[in-house]
Each structure stands twice: as structure tokens, then as C-alpha cells.
$ cat run.pdb   # PDB, C-alpha atoms, pLDDT in the B column
ATOM      1  CA  MET A   6      69.993 122.972 100.968  1.00 45.00           C
ATOM      2  CA  ALA A   7      67.057 124.280 103.018  1.00 50.00           C
ATOM      3  CA  ARG A   8      64.600 123.197 100.336  1.00 56.00           C
ATOM      4  CA  ARG A   9      66.018 119.640 100.262  1.00 59.00           C
ATOM      5  CA  LEU A  10      65.741 119.426 104.050  1.00 60.00           C
ATOM      6  CA  THR A  11      62.181 120.735 103.870  1.00 61.00           C
ATOM      7  CA  ASP A  12      61.331 117.968 101.392  1.00 65.00           C
ATOM      8  CA  ARG A  13      62.527 115.369 103.947  1.00 76.00           C
ATOM      9  CA  TRP A  14      60.124 116.361 106.723  1.00 82.00           C
ATOM     10  CA  GLN A  15      58.431 112.941 106.620  1.00 85.00           C
ATOM     11  CA  ALA A  16      61.650 111.036 107.447  1.00 84.00           C
ATOM     12  CA  ILE A  17      62.255 113.379 110.372  1.00 85.00           C
ATOM     13  CA  PHE A  18      58.635 112.940 111.485  1.00 91.00           C
ATOM     14  CA  TRP A  19      58.922 109.146 111.485  1.00 89.00           C
ATOM     15  CA  ARG A  20      62.216 109.274 113.325  1.00 86.00           C
ATOM     16  CA  GLY A  21      60.519 111.380 116.015  1.00 89.00           C
ATOM     17  CA  ALA A  22      57.528 109.030 116.127  1.00 91.00           C
ATOM     18  CA  VAL A  23      59.750 105.951 116.585  1.00 88.00           C
ATOM     19  CA  THR A  24      61.652 107.761 119.335  1.00 87.00           C
ATOM     20  CA  ILE A  25      58.431 108.652 121.165  1.00 92.00           C
ATOM     21  CA  LEU A  26      57.190 105.064 120.812  1.00 89.00           C
ATOM     22  CA  PHE A  27      60.380 103.951 122.548  1.00 85.00           C
ATOM     23  CA  ALA A  28      59.678 106.468 125.341  1.00 88.00           C
ATOM     24  CA  ILE A  29      56.121 105.191 125.738  1.00 89.00           C
ATOM     25  CA  GLY A  30      57.425 101.620 125.945  1.00 83.00           C
ATOM     26  CA  ALA A  31      60.026 102.644 128.513  1.00 80.00           C
ATOM     27  CA  PHE A  32      57.434 104.331 130.731  1.00 84.00           C
ATOM     28  CA  ALA A  33      54.667 101.776 130.169  1.00 82.00           C
ATOM     29  CA  TRP A  34      56.730  98.818 131.358  1.00 75.00           C
ATOM     30  CA  PRO A  35      58.913 100.228 134.145  1.00 69.00           C
ATOM     31  CA  ILE A  36      59.646  96.923 135.865  1.00 67.00           C
ATOM     32  CA  MET A  37      61.751  95.326 133.172  1.00 65.00           C
ATOM     33  CA  THR A  38      64.722  93.066 133.379  1.00 60.00           C
ATOM     34  CA  LEU A  39      68.019  94.220 131.923  1.00 63.00           C
ATOM     35  CA  SER A  40      67.571  91.922 128.943  1.00 68.00           C
ATOM     36  CA  ALA A  41      64.186  93.518 128.205  1.00 74.00           C
ATOM     37  CA  VAL A  42      65.713  97.000 128.520  1.00 72.00           C
ATOM     38  CA  LEU A  43      68.463  96.024 126.082  1.00 76.00           C
ATOM     39  CA  LEU A  44      65.935  94.485 123.694  1.00 80.00           C
ATOM     40  CA  LEU A  45      63.797  97.641 123.739  1.00 80.00           C
ATOM     41  CA  PHE A  46      66.870  99.850 123.313  1.00 81.00           C
ATOM     42  CA  GLY A  47      68.193  97.614 120.509  1.00 86.00           C
ATOM     43  CA  VAL A  48      64.967  97.845 118.506  1.00 87.00           C
ATOM     44  CA  PHE A  49      64.848 101.612 119.026  1.00 86.00           C
ATOM     45  CA  ALA A  50      68.519 102.168 118.100  1.00 87.00           C
ATOM     46  CA  LEU A  51      68.201 100.023 114.951  1.00 90.00           C
ATOM     47  CA  ALA A  52      65.048 101.815 113.791  1.00 88.00           C
ATOM     48  CA  ASP A  53      66.431 105.270 114.590  1.00 88.00           C
ATOM     49  CA  GLY A  54      69.732 104.401 112.915  1.00 89.00           C
ATOM     50  CA  ALA A  55      67.993 103.118 109.796  1.00 90.00           C
ATOM     51  CA  LEU A  56      65.873 106.266 109.519  1.00 86.00           C
ATOM     52  CA  SER A  57      68.987 108.434 109.960  1.00 85.00           C
ATOM     53  CA  LEU A  58      70.753 106.455 107.236  1.00 86.00           C
ATOM     54  CA  VAL A  59      67.838 106.878 104.829  1.00 84.00           C
ATOM     55  CA  LEU A  60      67.803 110.619 105.408  1.00 82.00           C
ATOM     56  CA  ALA A  61      71.609 110.882 105.078  1.00 82.00           C
ATOM     57  CA  LEU A  62      71.837 108.755 101.936  1.00 82.00           C
ATOM     58  CA  ARG A  63      69.166 110.829 100.227  1.00 77.00           C
ATOM     59  CA  GLU A  64      71.237 113.951 100.888  1.00 69.00           C
ATOM     60  CA  ALA A  65      74.817 112.698 100.469  1.00 59.00           C
ATOM     61  CA  PRO A  66      77.054 114.261  99.261  1.00 63.00           C
ATOM     62  CA  ARG A  67      75.054 117.442  98.668  1.00 62.00           C
ATOM     63  CA  THR A  68      75.015 118.710 102.245  1.00 64.00           C
ATOM     64  CA  ARG A  69      77.553 119.070 105.025  1.00 64.00           C
ATOM     65  CA  TRP A  70      75.155 117.666 107.642  1.00 64.00           C
ATOM     66  CA  SER A  71      74.545 114.434 105.718  1.00 73.00           C
ATOM     67  CA  PHE A  72      77.896 113.059 106.959  1.00 78.00           C
ATOM     68  CA  ALA A  73      76.854 113.592 110.596  1.00 79.00           C
ATOM     69  CA  LEU A  74      73.531 111.846 109.940  1.00 81.00           C
ATOM     70  CA  LEU A  75      75.312 109.005 108.160  1.00 85.00           C
ATOM     71  CA  ALA A  76      77.680 108.505 111.102  1.00 86.00           C
ATOM     72  CA  GLU A  77      74.763 108.746 113.555  1.00 85.00           C
ATOM     73  CA  GLY A  78      72.793 106.155 111.584  1.00 88.00           C
ATOM     74  CA  LEU A  79      75.697 103.721 111.425  1.00 90.00           C
ATOM     75  CA  LEU A  80      76.405 104.174 115.133  1.00 88.00           C
ATOM     76  CA  GLY A  81      72.719 103.634 115.991  1.00 87.00           C
ATOM     77  CA  MET A  82      72.575 100.452 113.972  1.00 90.00           C
ATOM     78  CA  LEU A  83      75.832  99.208 115.544  1.00 88.00           C
ATOM     79  CA  ALA A  84      74.609  99.965 119.085  1.00 85.00           C
ATOM     80  CA  GLY A  85      71.218  98.385 118.348  1.00 87.00           C
ATOM     81  CA  GLY A  86      72.850  95.313 116.844  1.00 87.00           C
ATOM     82  CA  ILE A  87      75.109  94.867 119.863  1.00 83.00           C
ATOM     83  CA  ALA A  88      72.165  95.255 122.245  1.00 81.00           C
ATOM     84  CA  LEU A  89      70.018  92.785 120.269  1.00 83.00           C
ATOM     85  CA  PHE A  90      72.489  90.190 119.084  1.00 82.00           C
ATOM     86  CA  LEU A  91      74.982  90.114 121.958  1.00 77.00           C
ATOM     87  CA  PRO A  92      72.626  90.144 124.970  1.00 68.00           C
ATOM     88  CA  GLY A  93      75.012  88.057 127.043  1.00 67.00           C
ATOM     89  CA  LEU A  94      77.309  91.044 127.531  1.00 64.00           C
ATOM     90  CA  ALA A  95      77.998  92.088 131.095  1.00 47.00           C
ATOM     91  CA  LEU A  96      75.969  95.013 132.457  1.00 56.00           C
ATOM     92  CA  SER A  97      78.944  97.358 132.409  1.00 60.00           C
ATOM     93  CA  VAL A  98      79.617  96.631 128.723  1.00 72.00           C
ATOM     94  CA  ALA A  99      75.940  97.081 127.841  1.00 70.00           C
ATOM     95  CA  LEU A 100      75.800 100.380 129.734  1.00 76.00           C
ATOM     96  CA  ALA A 101      79.018 101.501 128.040  1.00 80.00           C
ATOM     97  CA  VAL A 102      77.403 100.845 124.649  1.00 77.00           C
ATOM     98  CA  VAL A 103      74.315 102.873 125.602  1.00 79.00           C
ATOM     99  CA  CYS A 104      76.400 105.733 127.080  1.00 85.00           C
ATOM    100  CA  THR A 105      78.750 105.859 124.108  1.00 87.00           C
ATOM    101  CA  TRP A 106      75.836 105.833 121.674  1.00 85.00           C
ATOM    102  CA  ALA A 107      74.043 108.655 123.507  1.00 87.00           C
ATOM    103  CA  VAL A 108      77.086 110.919 123.797  1.00 92.00           C
ATOM    104  CA  ILE A 109      78.357 110.401 120.239  1.00 89.00           C
ATOM    105  CA  THR A 110      74.843 110.740 118.823  1.00 87.00           C
ATOM    106  CA  GLY A 111      74.443 114.005 120.731  1.00 90.00           C
ATOM    107  CA  VAL A 112      77.725 115.357 119.378  1.00 92.00           C
ATOM    108  CA  LEU A 113      76.747 114.373 115.827  1.00 87.00           C
ATOM    109  CA  GLU A 114      73.347 116.060 116.219  1.00 87.00           C
ATOM    110  CA  ILE A 115      75.080 119.260 117.324  1.00 90.00           C
ATOM    111  CA  VAL A 116      77.460 118.988 114.332  1.00 87.00           C
ATOM    112  CA  ALA A 117      74.471 118.548 112.013  1.00 84.00           C
ATOM    113  CA  ALA A 118      72.740 121.524 113.645  1.00 85.00           C
ATOM    114  CA  SER A 119      75.792 123.720 113.159  1.00 84.00           C
ATOM    115  CA  ALA A 120      75.810 122.847 109.453  1.00 80.00           C
ATOM    116  CA  LEU A 121      72.250 124.191 109.160  1.00 75.00           C
ATOM    117  CA  SER A 122      73.396 127.774 109.572  1.00 69.00           C
ATOM    118  CA  GLY A 123      70.508 129.340 107.674  1.00 71.00           C
ATOM    119  CA  ASN A 124      67.597 127.549 109.330  1.00 72.00           C
ATOM    120  CA  PRO A 125      67.195 128.384 113.067  1.00 78.00           C
ATOM    121  CA  GLN A 126      63.759 126.719 113.252  1.00 78.00           C
ATOM    122  CA  VAL A 127      65.488 123.380 112.699  1.00 80.00           C
ATOM    123  CA  ARG A 128      68.996 124.127 113.970  1.00 84.00           C
ATOM    124  CA  ILE A 129      67.981 125.119 117.513  1.00 88.00           C
ATOM    125  CA  PRO A 130      65.764 122.085 118.321  1.00 88.00           C
ATOM    126  CA  LEU A 131      68.358 119.748 116.786  1.00 86.00           C
ATOM    127  CA  ALA A 132      71.155 121.288 118.888  1.00 90.00           C
ATOM    128  CA  VAL A 133      68.991 121.081 122.024  1.00 91.00           C
ATOM    129  CA  GLY A 134      68.252 117.441 121.209  1.00 88.00           C
ATOM    130  CA  GLY A 135      71.977 116.803 120.868  1.00 90.00           C
ATOM    131  CA  GLY A 136      72.542 118.350 124.292  1.00 92.00           C
ATOM    132  CA  VAL A 137      69.780 116.203 125.788  1.00 89.00           C
ATOM    133  CA  SER A 138      71.378 113.114 124.258  1.00 89.00           C
ATOM    134  CA  ILE A 139      74.790 113.986 125.723  1.00 93.00           C
ATOM    135  CA  LEU A 140      73.237 114.627 129.160  1.00 91.00           C
ATOM    136  CA  ALA A 141      71.404 111.278 129.057  1.00 86.00           C
ATOM    137  CA  GLY A 142      74.618 109.436 128.200  1.00 88.00           C
ATOM    138  CA  LEU A 143      76.544 111.202 130.950  1.00 89.00           C
ATOM    139  CA  ALA A 144      73.757 110.559 133.490  1.00 85.00           C
ATOM    140  CA  ILE A 145      73.938 106.837 132.776  1.00 81.00           C
ATOM    141  CA  ALA A 146      77.752 106.873 132.836  1.00 83.00           C
ATOM    142  CA  LEU A 147      77.877 108.693 136.174  1.00 83.00           C
ATOM    143  CA  ARG A 148      75.428 106.287 137.858  1.00 75.00           C
ATOM    144  CA  PRO A 149      76.149 102.855 136.341  1.00 68.00           C
ATOM    145  CA  SER A 150      75.116 101.113 139.542  1.00 66.00           C
ATOM    146  CA  ALA A 151      71.651 102.697 139.461  1.00 67.00           C
ATOM    147  CA  GLY A 152      70.284  99.623 137.724  1.00 66.00           C
ATOM    148  CA  ALA A 153      68.131  98.802 134.744  1.00 66.00           C
ATOM    149  CA  LEU A 154      65.107 100.778 135.958  1.00 72.00           C
ATOM    150  CA  ALA A 155      67.088 104.012 136.306  1.00 75.00           C
ATOM    151  CA  VAL A 156      68.678 103.470 132.889  1.00 75.00           C
ATOM    152  CA  LEU A 157      65.250 102.851 131.399  1.00 76.00           C
ATOM    153  CA  TRP A 158      63.821 106.041 132.936  1.00 81.00           C
ATOM    154  CA  ILE A 159      66.792 108.098 131.712  1.00 81.00           C
ATOM    155  CA  LEU A 160      66.498 106.640 128.219  1.00 81.00           C
ATOM    156  CA  GLY A 161      62.721 107.145 128.271  1.00 85.00           C
ATOM    157  CA  ALA A 162      63.073 110.803 129.301  1.00 88.00           C
ATOM    158  CA  TYR A 163      65.706 111.341 126.618  1.00 87.00           C
ATOM    159  CA  ALA A 164      63.548 109.645 123.972  1.00 88.00           C
ATOM    160  CA  LEU A 165      60.482 111.692 124.906  1.00 92.00           C
ATOM    161  CA  ALA A 166      62.417 114.975 124.799  1.00 90.00           C
ATOM    162  CA  PHE A 167      64.334 114.209 121.604  1.00 88.00           C
ATOM    163  CA  GLY A 168      61.340 112.648 119.828  1.00 90.00           C
ATOM    164  CA  SER A 169      59.276 115.720 120.653  1.00 92.00           C
ATOM    165  CA  LEU A 170      62.021 117.973 119.266  1.00 89.00           C
ATOM    166  CA  LEU A 171      62.118 115.911 116.061  1.00 88.00           C
ATOM    167  CA  LEU A 172      58.349 116.241 115.702  1.00 92.00           C
ATOM    168  CA  ILE A 173      58.660 120.009 116.189  1.00 91.00           C
ATOM    169  CA  ILE A 174      61.296 120.118 113.452  1.00 88.00           C
ATOM    170  CA  ALA A 175      59.106 118.003 111.132  1.00 90.00           C
ATOM    171  CA  VAL A 176      56.062 120.221 111.716  1.00 91.00           C
ATOM    172  CA  ARG A 177      58.115 123.361 111.068  1.00 87.00           C
ATOM    173  CA  LEU A 178      59.553 121.866 107.894  1.00 85.00           C
ATOM    174  CA  ARG A 179      56.078 120.767 106.764  1.00 86.00           C
ATOM    175  CA  ALA A 180      54.759 124.286 107.356  1.00 84.00           C
ATOM    176  CA  SER A 181      57.677 125.629 105.338  1.00 78.00           C
ATOM    177  CA  THR A 182      56.801 123.192 102.538  1.00 71.00           C
ATOM    178  CA  SER A 183      53.209 124.422 102.590  1.00 65.00           C
ATOM    179  CA  LEU A 184      54.391 128.008 102.268  1.00 60.00           C
ATOM    180  CA  HIS A 185      56.553 127.108  99.261  1.00 57.00           C
ATOM    181  CA  ASP A 186      53.679 125.217  97.639  1.00 59.00           C
ATOM    182  CA  ALA A 187      51.158 128.004  98.232  1.00 57.00           C
ATOM    183  CA  ARG A 188      52.690 130.406  95.751  1.00 55.00           C
ATOM    184  CA  PRO A 189      50.114 132.721  94.233  1.00 56.00           C
ATOM    185  CA  SER A 190      49.005 131.552  90.854  1.00 52.00           C
ATOM    186  CA  ARG A 191      48.928 133.973  87.960  1.00 52.00           C
ATOM    187  CA  SER A 192      45.579 134.250  86.336  1.00 49.00           C
ATOM    188  CA  PRO A 193      45.307 135.389  82.727  1.00 53.00           C
ATOM    189  CA  ARG A 194      43.708 138.771  82.225  1.00 47.00           C
TER     190      ARG A 194
END

$ encode --input "run.pdb" --output "C-alpha cells"
Amino acid sequence: MARRLTDRWQAIFWRGAVTILFAIGAFAWPIMTLSAVLLLFGVFALADGALSLVLALREAPRTRWSFALLAEGLLGMLAGGIALFLPGLALSVALAVVCTWAVITGVLEIVAASALSGNPQVRIPLAVGGGVSILAGLAIALRPSAGALAVLWILGAYALAFGSLLLIIAVRLRASTSLHDARPSRSPR
């Protein structure tokens, strides 16, 4: 299982890169309308969900954590689709979608981390990222009247933290791949 995960470091890298791009967009354009916030979130959630699905489908049914990634990918695509294609939703419904996505995604990331029992270099950052996701969802849920700017800053902070953790995981997996590939060659005597 660890070897298959190591071979997927690029998908994890791109998922982290997309997440950080969302964070940069959130911080670069802080004075956005709610519809712009939902559009930005929708694009991010669709891209992140699609990358999670790709990673999960490549692993299914060989690993226990592929189910969590599959559920996370489907949820991300659903949340992104709602944000993009149903922009006329009331603010409370839109915030509920974002909160629900963040909390459930966080739980699924922790489930996936727990399934990676033999790989603490990946398990710990993934579990921390799941906790960050849950905290972001709860922060938005506890302050729904804070407005679009506060939601954007919370989502941007979450995306920066989680994207960075994904990049750390990808780099660690890439280094692990390099170690596996750098086996000493036997020279004939």
C-alpha cells in the first residue's frame, strides 16, 4: 500500500497546488461579493474533488483509504457544483454548503489518515489537515453573520494551511520514491 501511495505523489502535489492557488486568489482579491466568493469556492471545490476522485479511483478497491478519498471527491464536486450552478441560493444555504463540505472533508481526511497506519510522514500532515478543515467549517458555522469577507479569509487560511500540508506530503512521498529508485546496482566482477 505504501508503495502505491508513493507512486501517486504527483496527484497529491497538484491537489496541494490547486488548494494554494485558491488561497492566493482569496487573499489577492479580498473585497469580493458573495457571488464571487461562491464562484471561487466552486472552482476550487470542483478541482479538488476531481483530483481526489482520480487518486481514489486509481487505488480502489486496493486500499482502505481510497473509499474516504472517493467520498471526499464526490462531496467536493457536489459542493462545487452547487456553488457554481445554483448561485441564487440564499447566503445561509451557501454558507451551510461550505460548512458541511469543510467539516465532512476534514472527517474523511482523518479517516484516510488513520488508514495509513504504517506511514507517519503522510498520516500526521493529513490528519492535521483534516483538523484544520473541521475548524474552518466550524468557524464559518459559528459566525454566519460575519459576511463574505470573513468567510473568504477563513477559507483562504484553510486552503493555505491544507495546501501546504499536501505539498509536504507530496515532497515526502517523492523523496521516498527517490530512495526506492536509488537501489544500489550490482556490477559484475

$ atom_distance --input "run.pdb" --atom1 "atom CA of A:Ala132" --atom2 "atom CA of A:Ile87"
26.7 Å

$ closest_residue --input "run.pdb" --among "A:Gly30, A:Val98, A:Gln15, A:Gly21" --to "A:Leu172" --atoms "only C-alpha atoms"
A:Gly21

$ resolve_selection --input "run.pdb" --expression "the PyMOL selection byres ((chain A and resi 126) around 12)" --output "number ranges by chain"
A: 7, 10-11, 118, 121-125, 127-133, 170-171, 173-181

$ closest_residue --input "run.pdb" --among "A:Ala144, A:Ala16, A:Ala88, A:Ala73" --to "A:Glu114" --atoms "all atoms listed in the file"
A:Ala73

$ closest_residue --input "run.pdb" --among "A:Ala52, A:Leu113, A:Ala155, A:Ala22" --to "A:Leu75" --atoms "only C-alpha atoms"
A:Leu113

$ closest_residue --input "run.pdb" --among "A:Gly111, A:Ala164, A:Val116, A:Ala101" --to "A:Leu147" --atoms "only C-alpha atoms"
A:Ala101

$ resolve_selection --input "run.pdb" --expression "the PyMOL selection byres ((chain A and resi 24) around 12)" --output "VMD selection string"
chain A and resid 17 to 23 25 to 31 45 to 46 48 to 54 56 to 57 134 160 to 172

$ atom_distance --input "run.pdb" --atom1 "atom CA of A:Ile139" --atom2 "atom CA of A:Ala107"
5.8 Å

$ closest_residue --input "run.pdb" --among "A:Ser71, A:Thr110, A:Thr182, A:Ser119" --to "A:Gly135" --atoms "all atoms listed in the file"
A:Thr110

$ closest_residue --input "run.pdb" --among "A:Ala120, A:Ala84, A:Ala33, A:Ala76" --to "A:Val102" --atoms "all atoms listed in the file"
A:Ala84

$ resolve_selection --input "run.pdb" --expression "the PyMOL selection byres ((chain A and resi 104) around 9)" --output "number ranges by chain"
A: 99-103, 105-109, 139, 141-146

$ atom_distance --input "run.pdb" --atom1 "atom CA of A:Leu157" --atom2 "atom CA of A:Gly86"
18.1 Å

$ decode --input "run.pdb" --residues "stretch 51-85 of chain A" --atoms "N, CA and C atoms" --output "PDB file, in the first residue's frame"
ATOM      1  N   LEU A  51     -14.568  21.969  -7.092  1.00  0.00           N
ATOM      2  CA  LEU A  51     -14.640  21.052  -8.238  1.00  0.00           C
ATOM      3  C   LEU A  51     -13.269  20.492  -8.587  1.00  0.00           C
ATOM      4  N   ALA A  52     -12.263  21.355  -8.650  1.00  0.00           N
ATOM      5  CA  ALA A  52     -10.912  20.893  -8.994  1.00  0.00           C
ATOM      6  C   ALA A  52     -10.364  19.957  -7.923  1.00  0.00           C
ATOM      7  N   ASP A  53     -10.519  20.330  -6.658  1.00  0.00           N
ATOM      8  CA  ASP A  53     -10.034  19.493  -5.566  1.00  0.00           C
ATOM      9  C   ASP A  53     -10.788  18.159  -5.554  1.00  0.00           C
ATOM     10  N   GLY A  54     -12.092  18.204  -5.760  1.00  0.00           N
ATOM     11  CA  GLY A  54     -12.876  16.977  -5.800  1.00  0.00           C
ATOM     12  C   GLY A  54     -12.462  16.065  -6.945  1.00  0.00           C
ATOM     13  N   ALA A  55     -12.225  16.642  -8.104  1.00  0.00           N
ATOM     14  CA  ALA A  55     -11.801  15.847  -9.259  1.00  0.00           C
ATOM     15  C   ALA A  55     -10.448  15.194  -9.008  1.00  0.00           C
ATOM     16  N   LEU A  56      -9.509  15.932  -8.428  1.00  0.00           N
ATOM     17  CA  LEU A  56      -8.200  15.358  -8.127  1.00  0.00           C
ATOM     18  C   LEU A  56      -8.306  14.262  -7.069  1.00  0.00           C
ATOM     19  N   SER A  57      -9.174  14.427  -6.092  1.00  0.00           N
ATOM     20  CA  SER A  57      -9.398  13.381  -5.086  1.00  0.00           C
ATOM     21  C   SER A  57      -9.992  12.136  -5.735  1.00  0.00           C
ATOM     22  N   LEU A  58     -10.939  12.345  -6.654  1.00  0.00           N
ATOM     23  CA  LEU A  58     -11.544  11.202  -7.344  1.00  0.00           C
ATOM     24  C   LEU A  58     -10.519  10.431  -8.165  1.00  0.00           C
ATOM     25  N   VAL A  59      -9.665  11.155  -8.880  1.00  0.00           N
ATOM     26  CA  VAL A  59      -8.631  10.498  -9.687  1.00  0.00           C
ATOM     27  C   VAL A  59      -7.748   9.640  -8.798  1.00  0.00           C
ATOM     28  N   LEU A  60      -7.302  10.208  -7.701  1.00  0.00           N
ATOM     29  CA  LEU A  60      -6.438   9.472  -6.778  1.00  0.00           C
ATOM     30  C   LEU A  60      -7.178   8.260  -6.208  1.00  0.00           C
ATOM     31  N   ALA A  61      -8.426   8.426  -5.812  1.00  0.00           N
ATOM     32  CA  ALA A  61      -9.203   7.327  -5.223  1.00  0.00           C
ATOM     33  C   ALA A  61      -9.474   6.221  -6.246  1.00  0.00           C
ATOM     34  N   LEU A  62      -9.844   6.602  -7.462  1.00  0.00           N
ATOM     35  CA  LEU A  62     -10.171   5.597  -8.466  1.00  0.00           C
ATOM     36  C   LEU A  62      -8.952   4.802  -8.900  1.00  0.00           C
ATOM     37  N   ARG A  63      -7.790   5.407  -8.833  1.00  0.00           N
ATOM     38  CA  ARG A  63      -6.563   4.668  -9.155  1.00  0.00           C
ATOM     39  C   ARG A  63      -6.243   3.635  -8.086  1.00  0.00           C
ATOM     40  N   GLU A  64      -6.693   3.864  -6.867  1.00  0.00           N
ATOM     41  CA  GLU A  64      -6.402   2.970  -5.754  1.00  0.00           C
ATOM     42  C   GLU A  64      -7.514   1.972  -5.461  1.00  0.00           C
ATOM     43  N   ALA A  65      -8.752   2.319  -5.759  1.00  0.00           N
ATOM     44  CA  ALA A  65      -9.891   1.468  -5.391  1.00  0.00           C
ATOM     45  C   ALA A  65      -9.788   0.136  -6.101  1.00  0.00           C
ATOM     46  N   PRO A  66     -10.149  -0.933  -5.520  1.00  0.00           N
ATOM     47  CA  PRO A  66     -10.508  -1.156  -4.111  1.00  0.00           C
ATOM     48  C   PRO A  66      -9.321  -1.663  -3.300  1.00  0.00           C
ATOM     49  N   ARG A  67      -8.119  -1.380  -3.716  1.00  0.00           N
ATOM     50  CA  ARG A  67      -6.932  -1.963  -3.095  1.00  0.00           C
ATOM     51  C   ARG A  67      -6.615  -1.423  -1.713  1.00  0.00           C
ATOM     52  N   THR A  68      -7.066  -0.219  -1.392  1.00  0.00           N
ATOM     53  CA  THR A  68      -6.698   0.366  -0.107  1.00  0.00           C
ATOM     54  C   THR A  68      -7.929   0.803   0.670  1.00  0.00           C
ATOM     55  N   ARG A  69      -7.793   0.802   1.993  1.00  0.00           N
ATOM     56  CA  ARG A  69      -8.902   1.226   2.843  1.00  0.00           C
ATOM     57  C   ARG A  69      -9.150   2.721   2.703  1.00  0.00           C
ATOM     58  N   TRP A  70      -8.113   3.521   2.488  1.00  0.00           N
ATOM     59  CA  TRP A  70      -8.285   4.972   2.444  1.00  0.00           C
ATOM     60  C   TRP A  70      -8.850   5.445   1.120  1.00  0.00           C
ATOM     61  N   SER A  71      -8.917   4.593   0.105  1.00  0.00           N
ATOM     62  CA  SER A  71      -9.456   5.036  -1.182  1.00  0.00           C
ATOM     63  C   SER A  71     -10.945   5.365  -1.078  1.00  0.00           C
ATOM     64  N   PHE A  72     -11.684   4.677  -0.188  1.00  0.00           N
ATOM     65  CA  PHE A  72     -13.101   4.998  -0.009  1.00  0.00           C
ATOM     66  C   PHE A  72     -13.270   6.408   0.540  1.00  0.00           C
ATOM     67  N   ALA A  73     -12.446   6.790   1.523  1.00  0.00           N
ATOM     68  CA  ALA A  73     -12.536   8.138   2.094  1.00  0.00           C
ATOM     69  C   ALA A  73     -12.226   9.185   1.033  1.00  0.00           C
ATOM     70  N   LEU A  74     -11.217   8.936   0.204  1.00  0.00           N
ATOM     71  CA  LEU A  74     -10.888   9.874  -0.871  1.00  0.00           C
ATOM     72  C   LEU A  74     -11.995   9.936  -1.907  1.00  0.00           C
ATOM     73  N   LEU A  75     -12.609   8.803  -2.203  1.00  0.00           N
ATOM     74  CA  LEU A  75     -13.715   8.777  -3.155  1.00  0.00           C
ATOM     75  C   LEU A  75     -14.883   9.610  -2.632  1.00  0.00           C
ATOM     76  N   ALA A  76     -15.241   9.410  -1.371  1.00  0.00           N
ATOM     77  CA  ALA A  76     -16.330  10.188  -0.772  1.00  0.00           C
ATOM     78  C   ALA A  76     -15.979  11.670  -0.732  1.00  0.00           C
ATOM     79  N   GLU A  77     -14.727  11.982  -0.389  1.00  0.00           N
ATOM     80  CA  GLU A  77     -14.290  13.388  -0.349  1.00  0.00           C
ATOM     81  C   GLU A  77     -14.363  14.014  -1.731  1.00  0.00           C
ATOM     82  N   GLY A  78     -13.949  13.275  -2.754  1.00  0.00           N
ATOM     83  CA  GLY A  78     -14.003  13.795  -4.121  1.00  0.00           C
ATOM     84  C   GLY A  78     -15.423  14.049  -4.589  1.00  0.00           C
ATOM     85  N   LEU A  79     -16.317  13.105  -4.310  1.00  0.00           N
ATOM     86  CA  LEU A  79     -17.717  13.287  -4.696  1.00  0.00           C
ATOM     87  C   LEU A  79     -18.343  14.460  -3.955  1.00  0.00           C
ATOM     88  N   LEU A  80     -18.050  14.585  -2.666  1.00  0.00           N
ATOM     89  CA  LEU A  80     -18.580  15.696  -1.885  1.00  0.00           C
ATOM     90  C   LEU A  80     -18.034  17.035  -2.401  1.00  0.00           C
ATOM     91  N   GLY A  81     -16.749  17.082  -2.728  1.00  0.00           N
ATOM     92  CA  GLY A  81     -16.158  18.312  -3.266  1.00  0.00           C
ATOM     93  C   GLY A  81     -16.804  18.720  -4.576  1.00  0.00           C
ATOM     94  N   MET A  82     -17.026  17.744  -5.440  1.00  0.00           N
ATOM     95  CA  MET A  82     -17.648  18.064  -6.722  1.00  0.00           C
ATOM     96  C   MET A  82     -19.099  18.492  -6.535  1.00  0.00           C
ATOM     97  N   LEU A  83     -19.813  17.878  -5.589  1.00  0.00           N
ATOM     98  CA  LEU A  83     -21.192  18.278  -5.300  1.00  0.00           C
ATOM     99  C   LEU A  83     -21.229  19.700  -4.748  1.00  0.00           C
ATOM    100  N   ALA A  84     -20.369  19.993  -3.766  1.00  0.00           N
ATOM    101  CA  ALA A  84     -20.335  21.336  -3.175  1.00  0.00           C
ATOM    102  C   ALA A  84     -19.930  22.377  -4.222  1.00  0.00           C
ATOM    103  N   GLY A  85     -18.936  22.054  -5.043  1.00  0.00           N
ATOM    104  CA  GLY A  85     -18.521  22.974  -6.101  1.00  0.00           C
ATOM    105  C   GLY A  85     -19.617  23.201  -7.120  1.00  0.00           C
TER     106      GLY A  85
END
